[in-house]
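Undergrad: Here you go, this is structure23.csv (CSV, C-alpha atoms).
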chain,number,residue,atom,x,y,z
A,1433,MET,CA,27.4,-35.5,21.0
A,1434,ARG,CA,27.4,-32.9,18.2
A,1435,PRO,CA,29.8,-33.3,15.3
A,1436,VAL,CA,32.8,-31.1,15.3
A,1437,ALA,CA,33.0,-30.7,11.5
A,1438,SER,CA,30.9,-27.5,11.5
A,1439,VAL,CA,33.1,-25.8,14.1
A,1440,SER,CA,35.4,-23.2,12.6
A,1441,PHE,CA,38.0,-21.4,14.6
A,1442,ASP,CA,36.6,-18.1,13.6
A,1443,ASP,CA,33.3,-18.9,15.0
A,1444,LEU,CA,34.9,-20.1,18.3
A,1445,LEU,CA,37.0,-16.9,18.5
A,1446,ARG,CA,34.0,-14.6,17.8
A,1447,ALA,CA,31.7,-16.4,20.2
A,1448,HIS,CA,34.0,-16.8,23.2
A,1449,GLN,CA,36.7,-14.1,23.1
A,1450,GLY,CA,34.7,-11.7,25.2
A,1451,MET,CA,34.2,-14.3,28.0
A,1452,ILE,CA,37.7,-15.6,27.9
A,1453,ARG,CA,39.2,-12.1,28.0
A,1454,ALA,CA,36.9,-11.1,30.9
A,1455,PHE,CA,37.8,-14.3,32.8
A,1456,LEU,CA,41.5,-13.7,32.4
A,1457,ARG,CA,41.2,-10.0,33.2
A,1458,ARG,CA,39.5,-10.9,36.5
A,1459,LEU,CA,42.1,-13.6,37.3
A,1460,CYS,CA,45.2,-11.5,36.3
A,1461,ARG,CA,43.8,-8.1,37.4
A,1462,ASN,CA,45.9,-6.6,34.5
A,1463,ASP,CA,44.0,-5.9,31.3
A,1464,ALA,CA,47.1,-5.9,29.0
A,1465,LEU,CA,48.5,-9.1,30.4
A,1466,ALA,CA,45.1,-10.8,30.3
A,1467,ASP,CA,44.7,-9.9,26.6
A,1468,ASP,CA,48.2,-11.3,25.9
A,1469,LEU,CA,47.3,-14.5,27.7
A,1470,ALA,CA,44.0,-14.7,25.9
A,1471,GLN,CA,45.9,-14.5,22.6
A,1472,ASP,CA,48.2,-17.3,23.7
A,1473,ALA,CA,45.1,-19.3,24.7
A,1474,PHE,CA,43.5,-18.9,21.3
A,1475,LEU,CA,46.7,-19.8,19.5
A,1476,ILE,CA,46.8,-23.0,21.5
A,1477,ALA,CA,43.1,-23.6,20.7
A,1478,HIS,CA,43.8,-23.1,17.0
A,1479,GLN,CA,46.6,-25.7,17.2
A,1480,ARG,CA,44.5,-28.2,19.1
A,1481,LEU,CA,41.2,-27.6,17.3
A,1482,GLY,CA,41.2,-31.2,16.2
A,1483,ASP,CA,41.0,-32.3,19.8
A,1484,LEU,CA,37.6,-30.7,20.2
A,1485,ARG,CA,35.2,-33.6,19.8
A,1486,ASP,CA,31.9,-32.0,21.0
A,1487,THR,CA,30.9,-28.5,19.9
A,1488,GLY,CA,28.8,-28.2,23.1
A,1489,ALA,CA,31.9,-28.6,25.2
A,1490,ALA,CA,33.8,-25.8,23.3
A,1491,LYS,CA,33.2,-23.3,26.1
A,1492,SER,CA,34.6,-25.4,28.9
A,1493,TRP,CA,37.4,-26.6,26.5
A,1494,LEU,CA,38.4,-22.9,25.9
A,1495,PHE,CA,38.2,-22.1,29.6
A,1496,GLN,CA,40.4,-25.1,30.3
A,1497,ILE,CA,43.1,-23.8,27.9
A,1498,ALA,CA,42.8,-20.3,29.2
A,1499,TYR,CA,43.1,-21.4,32.8
A,1500,ASN,CA,46.1,-23.5,32.0
A,1501,VAL,CA,47.8,-20.6,30.2
A,1502,TYR,CA,47.1,-18.4,33.3
A,1503,ALA,CA,48.4,-21.1,35.7
A,1504,GLY,CA,51.5,-21.5,33.6
A,1505,HIS,CA,52.1,-17.8,33.6
A,1506,ALA,CA,51.4,-17.5,37.3
A,1507,ARG,CA,53.9,-20.3,38.1
A,1508,LYS,CA,56.5,-18.7,35.8
A,1509,HIS,CA,56.3,-15.3,37.3
A,1510,ALA,CA,55.6,-16.2,41.0
A,1511,ARG,CA,59.2,-15.6,42.0
A,1512,ARG,CA,59.4,-12.3,40.1
A,1513,ARG,CA,56.2,-11.1,41.7
A,1514,GLU,CA,57.4,-12.0,45.1
A,1515,LEU,CA,60.6,-10.0,44.6
A,1516,PHE,CA,58.6,-7.0,43.2
A,1517,GLU,CA,56.1,-7.1,46.1
A,1518,ALA,CA,59.0,-7.3,48.6
A,1519,GLN,CA,60.6,-4.2,47.1
A,1520,ASN,CA,57.4,-2.2,46.3
A,1521,GLY,CA,54.8,-3.5,48.6
A,1522,ALA,CA,52.2,-3.9,45.7
A,1523,ASP,CA,50.9,-6.6,43.5
A,1524,LEU,CA,52.7,-6.5,40.2
A,1525,ASP,CA,49.5,-7.4,38.3
A,1526,ASP,CA,47.4,-4.7,39.9
A,1527,ALA,CA,49.3,-1.9,38.1
A,1528,ALA,CA,47.2,-1.6,35.0
A,1529,GLN,CA,43.7,-2.4,36.4
A,1530,PRO,CA,41.4,0.6,36.1
A,1531,ALA,CA,39.5,1.3,39.3
A,1532,PRO,CA,35.7,0.6,39.0
A,1533,ALA,CA,33.3,2.7,41.0
A,1534,GLY,CA,30.8,2.1,43.8
A,1535,MET,CA,29.3,-1.3,44.2
A,1536,ALA,CA,31.2,-2.7,41.3
A,1537,ARG,CA,34.5,-1.6,43.0
A,1538,ASP,CA,33.5,-3.2,46.2
A,1539,ILE,CA,32.5,-6.5,44.6
A,1540,ALA,CA,35.8,-6.4,42.6
A,1541,MET,CA,37.7,-5.9,45.9
A,1542,ALA,CA,35.8,-8.7,47.6
A,1543,MET,CA,36.6,-11.0,44.6
A,1544,ASP,CA,40.2,-10.0,44.6
A,1545,GLN,CA,40.5,-11.1,48.2
A,1546,LEU,CA,39.7,-14.7,47.2
A,1547,PRO,CA,42.6,-16.9,46.2
A,1548,ALA,CA,43.1,-17.2,42.4
A,1549,ASP,CA,41.8,-20.8,42.1
A,1550,VAL,CA,38.7,-20.0,44.3
A,1551,ARG,CA,38.1,-16.9,42.2
A,1552,ALA,CA,38.4,-19.0,39.0
A,1553,CYS,CA,35.8,-21.5,40.2
A,1554,VAL,CA,33.4,-18.8,41.4
A,1555,LEU,CA,33.7,-17.0,38.0
A,1556,MET,CA,33.3,-20.1,36.0
A,1557,CYS,CA,30.2,-21.3,37.9
A,1558,LEU,CA,28.4,-18.1,39.0
A,1559,SER,CA,29.4,-15.7,36.2
A,1560,TYR,CA,29.6,-18.0,33.2
A,1561,GLY,CA,27.0,-20.6,34.2
A,1562,MET,CA,29.3,-23.6,34.0
A,1563,SER,CA,28.4,-26.7,36.0
A,1564,HIS,CA,30.7,-27.9,38.8
A,1565,SER,CA,31.9,-30.8,36.7
A,1566,GLU,CA,32.7,-28.4,33.8
A,1567,ALA,CA,34.6,-26.1,36.1
A,1568,SER,CA,36.4,-29.2,37.5
A,1569,LYS,CA,37.5,-30.2,34.0
A,1570,ALA,CA,38.4,-26.7,33.0
A,1571,SER,CA,40.5,-26.0,36.1
A,1572,GLY,CA,42.0,-29.4,36.5
A,1573,LEU,CA,40.8,-29.5,40.2
A,1574,PRO,CA,38.9,-32.4,41.7
A,1575,LEU,CA,35.1,-32.0,41.7
A,1576,GLY,CA,35.0,-31.9,45.5
A,1577,THR,CA,37.6,-29.2,45.6
A,1578,VAL,CA,35.7,-27.1,43.1
A,1579,LYS,CA,32.5,-27.5,45.2
A,1580,SER,CA,34.3,-26.5,48.4
A,1581,HIS,CA,36.0,-23.5,46.6
A,1582,ILE,CA,32.6,-22.3,45.3
A,1583,LYS,CA,31.0,-22.8,48.7
A,1584,ARG,CA,33.8,-20.9,50.5
A,1585,GLY,CA,33.9,-18.2,47.9
A,1586,THR,CA,30.1,-17.7,47.8
A,1587,GLU,CA,30.0,-17.6,51.6
A,1588,LYS,CA,32.6,-14.8,51.7
A,1589,LEU,CA,30.9,-12.9,49.0
A,1590,ARG,CA,27.5,-13.3,50.6
A,1591,ALA,CA,28.9,-12.1,53.9
A,1592,PHE,CA,30.3,-9.1,52.1
A,1593,LEU,CA,27.0,-8.5,50.3
A,1594,HIS,CA,25.0,-8.8,53.5
A,1595,ALA,CA,27.3,-6.3,55.2
A,1596,TYR,CA,27.0,-4.0,52.3
A,1597,GLN,CA,23.2,-4.2,52.3
A,1598,GLN,CA,23.2,-3.6,56.1
A,1599,ALA,CA,25.4,-0.5,55.7
B,851,MET,CA,22.4,-25.1,40.4
B,852,MET,CA,22.7,-24.0,44.1
B,853,MET,CA,20.6,-21.9,46.4
B,854,ASP,CA,18.7,-20.5,43.4
B,855,ASN,CA,15.8,-19.2,45.5
B,856,ASP,CA,17.9,-17.2,47.9
B,857,PRO,CA,17.4,-13.5,46.9
B,858,LEU,CA,20.8,-12.7,48.3
B,859,ASN,CA,22.4,-15.3,46.1
B,860,GLU,CA,20.5,-14.0,43.1
B,861,SER,CA,21.9,-10.5,43.8
B,862,LEU,CA,25.3,-12.0,44.0
B,863,LYS,CA,24.9,-13.8,40.7
B,864,ALA,CA,23.7,-10.6,39.1
B,865,LEU,CA,26.6,-8.6,40.5
B,866,LEU,CA,29.1,-11.3,39.4
B,867,SER,CA,27.5,-11.3,35.9
B,868,ASP,CA,28.3,-7.6,35.7
B,869,TYR,CA,31.7,-8.1,37.2
B,870,ALA,CA,32.7,-10.6,34.6
B,871,ALA,CA,30.7,-9.3,31.7
B,872,PRO,CA,32.1,-10.3,28.3
B,873,ILE,CA,34.4,-7.7,26.7
B,874,PRO,CA,33.7,-6.2,23.2
B,875,ASP,CA,36.0,-7.5,20.5
B,876,ASP,CA,37.8,-4.1,19.7
B,877,GLY,CA,40.0,-5.8,17.1
B,878,PHE,CA,41.1,-8.7,19.3
B,879,ALA,CA,40.0,-11.4,16.9
B,880,ALA,CA,41.8,-9.7,14.0
B,881,LEU,CA,45.0,-9.6,16.2
B,882,VAL,CA,44.7,-13.3,17.0
B,883,LYS,CA,44.1,-14.2,13.3
B,884,ASP,CA,47.1,-12.0,12.3
B,885,ARG,CA,49.4,-13.8,14.8
B,886,ILE,CA,48.1,-17.2,13.5
B,887,GLY,CA,48.9,-16.1,9.9
B,888,ARG,CA,52.4,-15.0,10.8
B,889,ARG,CA,53.1,-18.2,12.8
B,890,THR,CA,51.9,-20.3,9.8
B,891,LYS,CA,54.2,-18.4,7.4
B,892,LEU,CA,57.1,-18.8,9.8
B,893,ARG,CA,56.4,-22.5,10.3
B,894,ARG,CA,56.3,-23.0,6.5
B,895,ALA,CA,59.6,-21.2,6.1
B,896,LEU,CA,61.2,-23.2,8.8
B,897,LEU,CA,59.9,-26.4,7.3
B,898,ALA,CA,61.2,-25.4,3.9
B,899,GLY,CA,64.6,-24.5,5.4
B,900,ALA,CA,64.8,-27.8,7.3
B,901,SER,CA,63.8,-29.7,4.1
B,902,LEU,CA,66.5,-27.9,2.1
B,903,SER,CA,69.2,-28.6,4.7
B,904,GLY,CA,68.1,-32.3,5.0
B,905,GLY,CA,68.0,-32.5,1.2
B,906,ILE,CA,71.5,-31.1,0.8
B,907,ILE,CA,72.9,-33.5,3.4
B,908,ALA,CA,71.1,-36.4,1.8
B,909,GLY,CA,72.1,-35.3,-1.7
B,910,MET,CA,75.8,-35.3,-0.7
B,911,GLN,CA,75.4,-39.0,0.1
B,912,ILE,CA,73.9,-39.9,-3.4
B,913,PRO,CA,77.3,-40.4,-5.1
B,914,LYS,CA,78.2,-43.0,-2.5
B,915,LEU,CA,74.9,-44.7,-3.1
B,916,ILE,CA,75.5,-44.7,-6.9
B,917,ASP,CA,79.0,-46.2,-6.3
B,918,LEU,CA,77.5,-48.9,-4.2
B,919,ALA,CA,74.8,-49.7,-6.8
B,920,VAL,CA,77.3,-49.8,-9.6
B,921,GLY,CA,79.6,-52.0,-7.6
B,922,ALA,CA,76.8,-54.4,-6.8
B,923,SER,CA,75.6,-54.6,-10.5
B,924,LYS,CA,79.2,-55.3,-11.7
B,925,ARG,CA,79.3,-58.3,-9.4
B,926,GLY,CA,76.1,-59.7,-11.0
B,927,PRO,CA,72.7,-60.0,-9.5
B,928,LEU,CA,73.0,-63.7,-8.4
B,929,ALA,CA,76.7,-63.8,-7.7
B,930,ASN,CA,77.7,-65.7,-4.7
B,931,ALA,CA,80.5,-63.2,-3.9
B,932,ALA,CA,80.3,-61.5,-0.6
B,933,LEU,CA,78.2,-58.3,-0.5
B,934,PRO,CA,80.0,-55.1,-1.1
B,935,ASP,CA,80.9,-53.1,2.0
B,936,LEU,CA,77.8,-51.3,3.1
B,937,PRO,CA,78.1,-47.8,4.4
B,938,SER,CA,77.5,-47.5,8.1
B,939,LEU,CA,74.5,-45.4,9.2
B,940,SER,CA,76.0,-44.5,12.5
B,941,PHE,CA,76.1,-40.8,13.3
B,942,SER,CA,79.9,-40.7,13.5
B,943,HIS,CA,80.3,-42.4,10.1
B,944,ILE,CA,77.8,-40.0,8.5
B,945,VAL,CA,79.7,-37.0,9.9
B,946,ASP,CA,83.1,-38.5,8.7
B,947,GLY,CA,81.6,-39.0,5.3
B,948,LEU,CA,80.3,-35.4,5.2
B,949,ALA,CA,83.7,-34.1,6.4
B,950,GLN,CA,85.5,-35.9,3.6
B,951,SER,CA,83.2,-34.7,0.9
B,952,ALA,CA,82.6,-31.1,2.1
B,953,GLY,CA,85.6,-30.5,4.3
B,954,THR,CA,85.5,-30.1,8.1
B,955,PRO,CA,85.4,-26.3,8.1
B,956,MET,CA,82.3,-26.3,5.8
B,957,LEU,CA,80.7,-28.9,8.0
B,958,MET,CA,81.3,-26.8,11.1
B,959,ILE,CA,79.9,-23.8,9.4
B,960,ALA,CA,76.8,-25.7,8.3
B,961,ALA,CA,76.3,-27.2,11.7
B,962,THR,CA,76.6,-23.7,13.3
B,963,GLY,CA,74.2,-22.3,10.7
B,964,ILE,CA,71.6,-25.0,11.4
B,965,CYS,CA,71.8,-24.4,15.2
B,966,LEU,CA,71.5,-20.7,14.6
B,967,LEU,CA,68.4,-21.2,12.4
B,968,TRP,CA,66.9,-23.5,15.0
B,969,TRP,CA,67.4,-20.9,17.7
B,970,LEU,CA,66.1,-18.1,15.6
B,971,GLY,CA,63.1,-20.1,14.6
B,972,ASP,CA,62.3,-21.0,18.2
B,973,THR,CA,62.7,-17.4,19.4
B,974,ALA,CA,60.6,-16.0,16.5
B,975,MET,CA,57.9,-18.6,17.1
B,976,ASP,CA,57.7,-17.6,20.8
B,977,SER,CA,57.6,-13.9,20.0
B,978,LEU,CA,54.9,-14.2,17.3
Translate the structure of the given file into C-alpha cells.
TA:
Amino acid sequence: MRPVASVSFDDLLRAHQGMIRAFLRRLCRNDALADDLAQDAFLIAHQRLGDLRDTGAAKSWLFQIAYNVYAGHARKHARRRELFEAQNGADLDDAAQPAPAGMARDIAMAMDQLPADVRACVLMCLSYGMSHSEASKASGLPLGTVKSHIKRGTEKLRAFLHAYQQA
Amino acid sequence: MMMDNDPLNESLKALLSDYAAPIPDDGFAALVKDRIGRRTKLRRALLAGASLSGGIIAGMQIPKLIDLAVGASKRGPLANAALPDLPSLSFSHIVDGLAQSAGTPMLMIAATGICLLWWLGDTAMDSL
C-alpha cells in the first residue's frame, strides 16, 4: 500500500477530472449537469481526502464518489423526470447532449439504451480499465451483479457492432 | 480481463475508449478550487459567528458564576455548611436565566437571529 502523505488534492483533480467528467457525461447525457455533478464529487473528495489510504486506489475512490453523487441526483430527480417525460415525451437529461456523428453516434445510441447501472459498469471496466472488483466497490453493487452487468452490456454492444459491421 | 483475443471485443474496447475519452480541463479545476475557497471562507465565517454567539451566551452567565464563587469563599473552604445552591444546567433553567438577564424580547430576537443565520449558512453552503 502506498502512503497517502504525498497525495495532494490538486494532483488528484488534475489527473482525474477528465475521466470523471467524461464518465458523468455519459451517465447523465447532459454536459452541463455532468460538470455540476463532477464539481460536487470533487468537493466531497476534498472533504474526505483523509479517508484515502492508498494512492493507487484514488481512481476507484473518485469513481465511487462520482457514482454516488450521480445516483443521489438520479434518485432526487426521478419523479421530476417522470413528470417531464410524461408531458414532453423526451428524456430531460438528453436536452443538452450534442449529437455525435457516424459510428460514434451509433455507439453512443447503443450505450444509451443500456440501463444506467449497466452503462456505469461497462464504462468503468471497458473504457477506464478498472477491474470487476474495483467497479463493484465504486458502484456499490455486488461483484456478481457487476460481472453480469458487464456480460449483458458487452453482449448487447457486440451484437450491435456485429450488425454494424455486417451492414 | 475478458475475451481479450476476440477482435470484435477489441474493436468494442477501442470504440468505448473514444466514447468515454477524458475531457480537457478548460478551466474546470480552477472552478472547483474557487468553490472550495469560497466554502472554506464561509465555513470560517459561520464558525466565528457561532463562537461569538456561544461566547455571548456563556459570558452572560459569568456574573452568576462569580457570585457562586464569592458565596462559596465566604463560607470558608473547609466549612461544614451545606453547599450553596448550584445553578441548574437544564435547558429551561438556562433560558429562564437568560430571559432574566437580557429580557424575553431580546432573547426571542437572538434566537430568531441564530435560526436565521443557521438557515442562511446552510443555504449558502449548498449553493456554493
Undergrad: Please work out which residues fall within 12 Å of (57.1, -19.6, 8.2), coordinates as given in the file, with all atoms listed in the file counting, and return them as a PDB file with C-alpha atoms, keeping the file's coordinate frame.
TA:
ATOM      1  CA  ARG B 885      49.400 -13.800  14.800  1.00  0.00           C
ATOM      2  CA  ILE B 886      48.100 -17.200  13.500  1.00  0.00           C
ATOM      3  CA  GLY B 887      48.900 -16.100   9.900  1.00  0.00           C
ATOM      4  CA  ARG B 888      52.400 -15.000  10.800  1.00  0.00           C
ATOM      5  CA  ARG B 889      53.100 -18.200  12.800  1.00  0.00           C
ATOM      6  CA  THR B 890      51.900 -20.300   9.800  1.00  0.00           C
ATOM      7  CA  LYS B 891      54.200 -18.400   7.400  1.00  0.00           C
ATOM      8  CA  LEU B 892      57.100 -18.800   9.800  1.00  0.00           C
ATOM      9  CA  ARG B 893      56.400 -22.500  10.300  1.00  0.00           C
ATOM     10  CA  ARG B 894      56.300 -23.000   6.500  1.00  0.00           C
ATOM     11  CA  ALA B 895      59.600 -21.200   6.100  1.00  0.00           C
ATOM     12  CA  LEU B 896      61.200 -23.200   8.800  1.00  0.00           C
ATOM     13  CA  LEU B 897      59.900 -26.400   7.300  1.00  0.00           C
ATOM     14  CA  ALA B 898      61.200 -25.400   3.900  1.00  0.00           C
ATOM     15  CA  GLY B 899      64.600 -24.500   5.400  1.00  0.00           C
ATOM     16  CA  ALA B 900      64.800 -27.800   7.300  1.00  0.00           C
ATOM     17  CA  LEU B 970      66.100 -18.100  15.600  1.00  0.00           C
ATOM     18  CA  GLY B 971      63.100 -20.100  14.600  1.00  0.00           C
ATOM     19  CA  ASP B 972      62.300 -21.000  18.200  1.00  0.00           C
ATOM     20  CA  ALA B 974      60.600 -16.000  16.500  1.00  0.00           C
ATOM     21  CA  MET B 975      57.900 -18.600  17.100  1.00  0.00           C
ATOM     22  CA  LEU B 978      54.900 -14.200  17.300  1.00  0.00           C
TER      23      LEU B 978
END
Undergrad: Given a cut-off of 10 Å, which residues of chain A touch chain B, counting all atoms listed in the file, written out as an mmCIF file with C-alpha atoms, in the coordinates of the input?
TA:
data_model
loop_
_atom_site.group_PDB
_atom_site.id
_atom_site.type_symbol
_atom_site.label_atom_id
_atom_site.label_comp_id
_atom_site.auth_asym_id
_atom_site.auth_seq_id
_atom_site.Cartn_x
_atom_site.Cartn_y
_atom_site.Cartn_z
ATOM 1 C CA PHE A 1441 38.000 -21.400 14.600
ATOM 2 C CA ASP A 1442 36.600 -18.100 13.600
ATOM 3 C CA LEU A 1445 37.000 -16.900 18.500
ATOM 4 C CA ARG A 1446 34.000 -14.600 17.800
ATOM 5 C CA ALA A 1447 31.700 -16.400 20.200
ATOM 6 C CA HIS A 1448 34.000 -16.800 23.200
ATOM 7 C CA GLN A 1449 36.700 -14.100 23.100
ATOM 8 C CA GLY A 1450 34.700 -11.700 25.200
ATOM 9 C CA MET A 1451 34.200 -14.300 28.000
ATOM 10 C CA ILE A 1452 37.700 -15.600 27.900
ATOM 11 C CA ARG A 1453 39.200 -12.100 28.000
ATOM 12 C CA ALA A 1454 36.900 -11.100 30.900
ATOM 13 C CA PHE A 1455 37.800 -14.300 32.800
ATOM 14 C CA LEU A 1456 41.500 -13.700 32.400
ATOM 15 C CA ARG A 1457 41.200 -10.000 33.200
ATOM 16 C CA ARG A 1458 39.500 -10.900 36.500
ATOM 17 C CA ASP A 1467 44.700 -9.900 26.600
ATOM 18 C CA ASP A 1468 48.200 -11.300 25.900
ATOM 19 C CA ALA A 1470 44.000 -14.700 25.900
ATOM 20 C CA GLN A 1471 45.900 -14.500 22.600
ATOM 21 C CA ASP A 1472 48.200 -17.300 23.700
ATOM 22 C CA ALA A 1473 45.100 -19.300 24.700
ATOM 23 C CA PHE A 1474 43.500 -18.900 21.300
ATOM 24 C CA LEU A 1475 46.700 -19.800 19.500
ATOM 25 C CA ILE A 1476 46.800 -23.000 21.500
ATOM 26 C CA HIS A 1478 43.800 -23.100 17.000
ATOM 27 C CA GLN A 1479 46.600 -25.700 17.200
ATOM 28 C CA PRO A 1532 35.700 0.600 39.000
ATOM 29 C CA MET A 1535 29.300 -1.300 44.200
ATOM 30 C CA ALA A 1536 31.200 -2.700 41.300
ATOM 31 C CA ARG A 1537 34.500 -1.600 43.000
ATOM 32 C CA ILE A 1539 32.500 -6.500 44.600
ATOM 33 C CA ALA A 1540 35.800 -6.400 42.600
ATOM 34 C CA MET A 1543 36.600 -11.000 44.600
ATOM 35 C CA VAL A 1554 33.400 -18.800 41.400
ATOM 36 C CA LEU A 1555 33.700 -17.000 38.000
ATOM 37 C CA MET A 1556 33.300 -20.100 36.000
ATOM 38 C CA CYS A 1557 30.200 -21.300 37.900
ATOM 39 C CA LEU A 1558 28.400 -18.100 39.000
ATOM 40 C CA SER A 1559 29.400 -15.700 36.200
ATOM 41 C CA TYR A 1560 29.600 -18.000 33.200
ATOM 42 C CA GLY A 1561 27.000 -20.600 34.200
ATOM 43 C CA MET A 1562 29.300 -23.600 34.000
ATOM 44 C CA SER A 1563 28.400 -26.700 36.000
ATOM 45 C CA HIS A 1564 30.700 -27.900 38.800
ATOM 46 C CA LYS A 1583 31.000 -22.800 48.700
ATOM 47 C CA THR A 1586 30.100 -17.700 47.800
ATOM 48 C CA GLU A 1587 30.000 -17.600 51.600
ATOM 49 C CA LEU A 1589 30.900 -12.900 49.000
ATOM 50 C CA ARG A 1590 27.500 -13.300 50.600
ATOM 51 C CA ALA A 1591 28.900 -12.100 53.900
ATOM 52 C CA PHE A 1592 30.300 -9.100 52.100
ATOM 53 C CA LEU A 1593 27.000 -8.500 50.300
ATOM 54 C CA HIS A 1594 25.000 -8.800 53.500
ATOM 55 C CA GLN A 1597 23.200 -4.200 52.300
#
Undergrad: I need the residue nearest Leu1469 of chain A from this list: A:Asn1500, A:Ser1580, A:Gln1598, A:Ser1571. Use only C-alpha atoms for the distance.
TA: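 Among the listed residues, the smallest separation from Leu1469 of chain A belongs to A:Asn1500.
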Undergrad: Have a look at A:Val1578, A:Leu1494, A:Ser1440, A:Arg1461 and name the one nearest to Asp1544 of chain A; count only C-alpha atoms.
TA: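 The answer is A:Arg1461, which sits nearest to Asp1544 of chain A.
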Undergrad: How far is it from atom CA of Gln1545 of chain A to atom CA of Tyr1596 of chain A, in Å with one decimal?
TA: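 Between these atoms lies a distance of 15.8 Å.
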Undergrad: For atom CA of Val920 of chain B and atom CA of Ile907 of chain B, quote the distance in Å rounded to one decimal.
TA: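 It comes out at 21.3 Å.
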Undergrad: For a test of reading the model, state the distance in Å between atom CA of Leu1459 of chain A and atom CA of Leu1575 of chain A, rounded to one decimal.
TA: 20.2 Å
Undergrad: Of the candidates A:Arg1485, A:Ala1595, A:His1505, A:Tyr1499, which shows the shortest atom-to-atom distance to Ser1568 of chain A, using all atoms listed in the file?
TA: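 Distance minimum relative to Ser1568 of chain A lands on A:Tyr1499.
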Undergrad: Rebuild all heavy atoms on segment 963-969 of chain B, as a PDB file, in the frame of the given file?
TA:
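Result file follows (result-v5.pdb):
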ATOM      1  N   GLY B 963      75.288 -22.979  11.382  1.00  0.00           N
ATOM      2  CA  GLY B 963      74.200 -22.300  10.700  1.00  0.00           C
ATOM      3  C   GLY B 963      72.844 -22.984  11.053  1.00  0.00           C
ATOM      4  O   GLY B 963      71.855 -22.294  11.307  1.00  0.00           O
ATOM      5  N   ILE B 964      72.835 -24.311  11.077  1.00  0.00           N
ATOM      6  CA  ILE B 964      71.600 -25.000  11.400  1.00  0.00           C
ATOM      7  C   ILE B 964      71.159 -24.724  12.834  1.00  0.00           C
ATOM      8  O   ILE B 964      69.989 -24.465  13.119  1.00  0.00           O
ATOM      9  CB  ILE B 964      71.768 -26.544  11.171  1.00  0.00           C
ATOM     10  CG1 ILE B 964      71.833 -26.828   9.649  1.00  0.00           C
ATOM     11  CG2 ILE B 964      70.628 -27.344  11.799  1.00  0.00           C
ATOM     12  CD1 ILE B 964      72.229 -28.237   9.296  1.00  0.00           C
ATOM     13  N   CYS B 965      72.163 -24.741  13.759  1.00  0.00           N
ATOM     14  CA  CYS B 965      71.800 -24.400  15.200  1.00  0.00           C
ATOM     15  C   CYS B 965      71.292 -23.001  15.293  1.00  0.00           C
ATOM     16  O   CYS B 965      70.321 -22.754  16.032  1.00  0.00           O
ATOM     17  CB  CYS B 965      73.077 -24.576  16.054  1.00  0.00           C
ATOM     18  SG  CYS B 965      73.577 -26.283  16.257  1.00  0.00           S
ATOM     19  N   LEU B 966      71.924 -22.084  14.559  1.00  0.00           N
ATOM     20  CA  LEU B 966      71.500 -20.700  14.600  1.00  0.00           C
ATOM     21  C   LEU B 966      70.067 -20.549  14.054  1.00  0.00           C
ATOM     22  O   LEU B 966      69.225 -19.860  14.648  1.00  0.00           O
ATOM     23  CB  LEU B 966      72.453 -19.828  13.770  1.00  0.00           C
ATOM     24  CG  LEU B 966      72.279 -18.315  13.889  1.00  0.00           C
ATOM     25  CD1 LEU B 966      72.598 -17.840  15.299  1.00  0.00           C
ATOM     26  CD2 LEU B 966      73.174 -17.593  12.884  1.00  0.00           C
ATOM     27  N   LEU B 967      69.794 -21.237  12.948  1.00  0.00           N
ATOM     28  CA  LEU B 967      68.400 -21.200  12.400  1.00  0.00           C
ATOM     29  C   LEU B 967      67.411 -21.779  13.337  1.00  0.00           C
ATOM     30  O   LEU B 967      66.314 -21.251  13.491  1.00  0.00           O
ATOM     31  CB  LEU B 967      68.420 -22.016  11.070  1.00  0.00           C
ATOM     32  CG  LEU B 967      68.801 -21.266   9.793  1.00  0.00           C
ATOM     33  CD1 LEU B 967      68.819 -22.225   8.617  1.00  0.00           C
ATOM     34  CD2 LEU B 967      67.811 -20.131   9.523  1.00  0.00           C
ATOM     35  N   TRP B 968      67.790 -22.869  13.988  1.00  0.00           N
ATOM     36  CA  TRP B 968      66.900 -23.500  15.000  1.00  0.00           C
ATOM     37  C   TRP B 968      66.548 -22.530  16.087  1.00  0.00           C
ATOM     38  O   TRP B 968      65.401 -22.347  16.452  1.00  0.00           O
ATOM     39  CB  TRP B 968      67.603 -24.756  15.528  1.00  0.00           C
ATOM     40  CG  TRP B 968      66.747 -25.548  16.472  1.00  0.00           C
ATOM     41  CD1 TRP B 968      66.399 -25.222  17.750  1.00  0.00           C
ATOM     42  CD2 TRP B 968      66.112 -26.799  16.211  1.00  0.00           C
ATOM     43  NE1 TRP B 968      65.606 -26.184  18.298  1.00  0.00           N
ATOM     44  CE2 TRP B 968      65.413 -27.168  17.373  1.00  0.00           C
ATOM     45  CE3 TRP B 968      66.084 -27.652  15.106  1.00  0.00           C
ATOM     46  CZ2 TRP B 968      64.698 -28.342  17.464  1.00  0.00           C
ATOM     47  CZ3 TRP B 968      65.362 -28.829  15.206  1.00  0.00           C
ATOM     48  CH2 TRP B 968      64.682 -29.161  16.361  1.00  0.00           C
ATOM     49  N   TRP B 969      67.602 -21.881  16.611  1.00  0.00           N
ATOM     50  CA  TRP B 969      67.400 -20.900  17.700  1.00  0.00           C
ATOM     51  C   TRP B 969      66.562 -19.751  17.274  1.00  0.00           C
ATOM     52  O   TRP B 969      65.643 -19.314  17.966  1.00  0.00           O
ATOM     53  CB  TRP B 969      68.776 -20.473  18.229  1.00  0.00           C
ATOM     54  CG  TRP B 969      68.679 -19.451  19.312  1.00  0.00           C
ATOM     55  CD1 TRP B 969      68.368 -19.648  20.618  1.00  0.00           C
ATOM     56  CD2 TRP B 969      68.865 -18.033  19.156  1.00  0.00           C
ATOM     57  NE1 TRP B 969      68.353 -18.451  21.291  1.00  0.00           N
ATOM     58  CE2 TRP B 969      68.657 -17.446  20.416  1.00  0.00           C
ATOM     59  CE3 TRP B 969      69.205 -17.216  18.088  1.00  0.00           C
ATOM     60  CZ2 TRP B 969      68.770 -16.090  20.629  1.00  0.00           C
ATOM     61  CZ3 TRP B 969      69.307 -15.852  18.301  1.00  0.00           C
ATOM     62  CH2 TRP B 969      69.087 -15.304  19.561  1.00  0.00           C
TER      63      TRP B 969
END
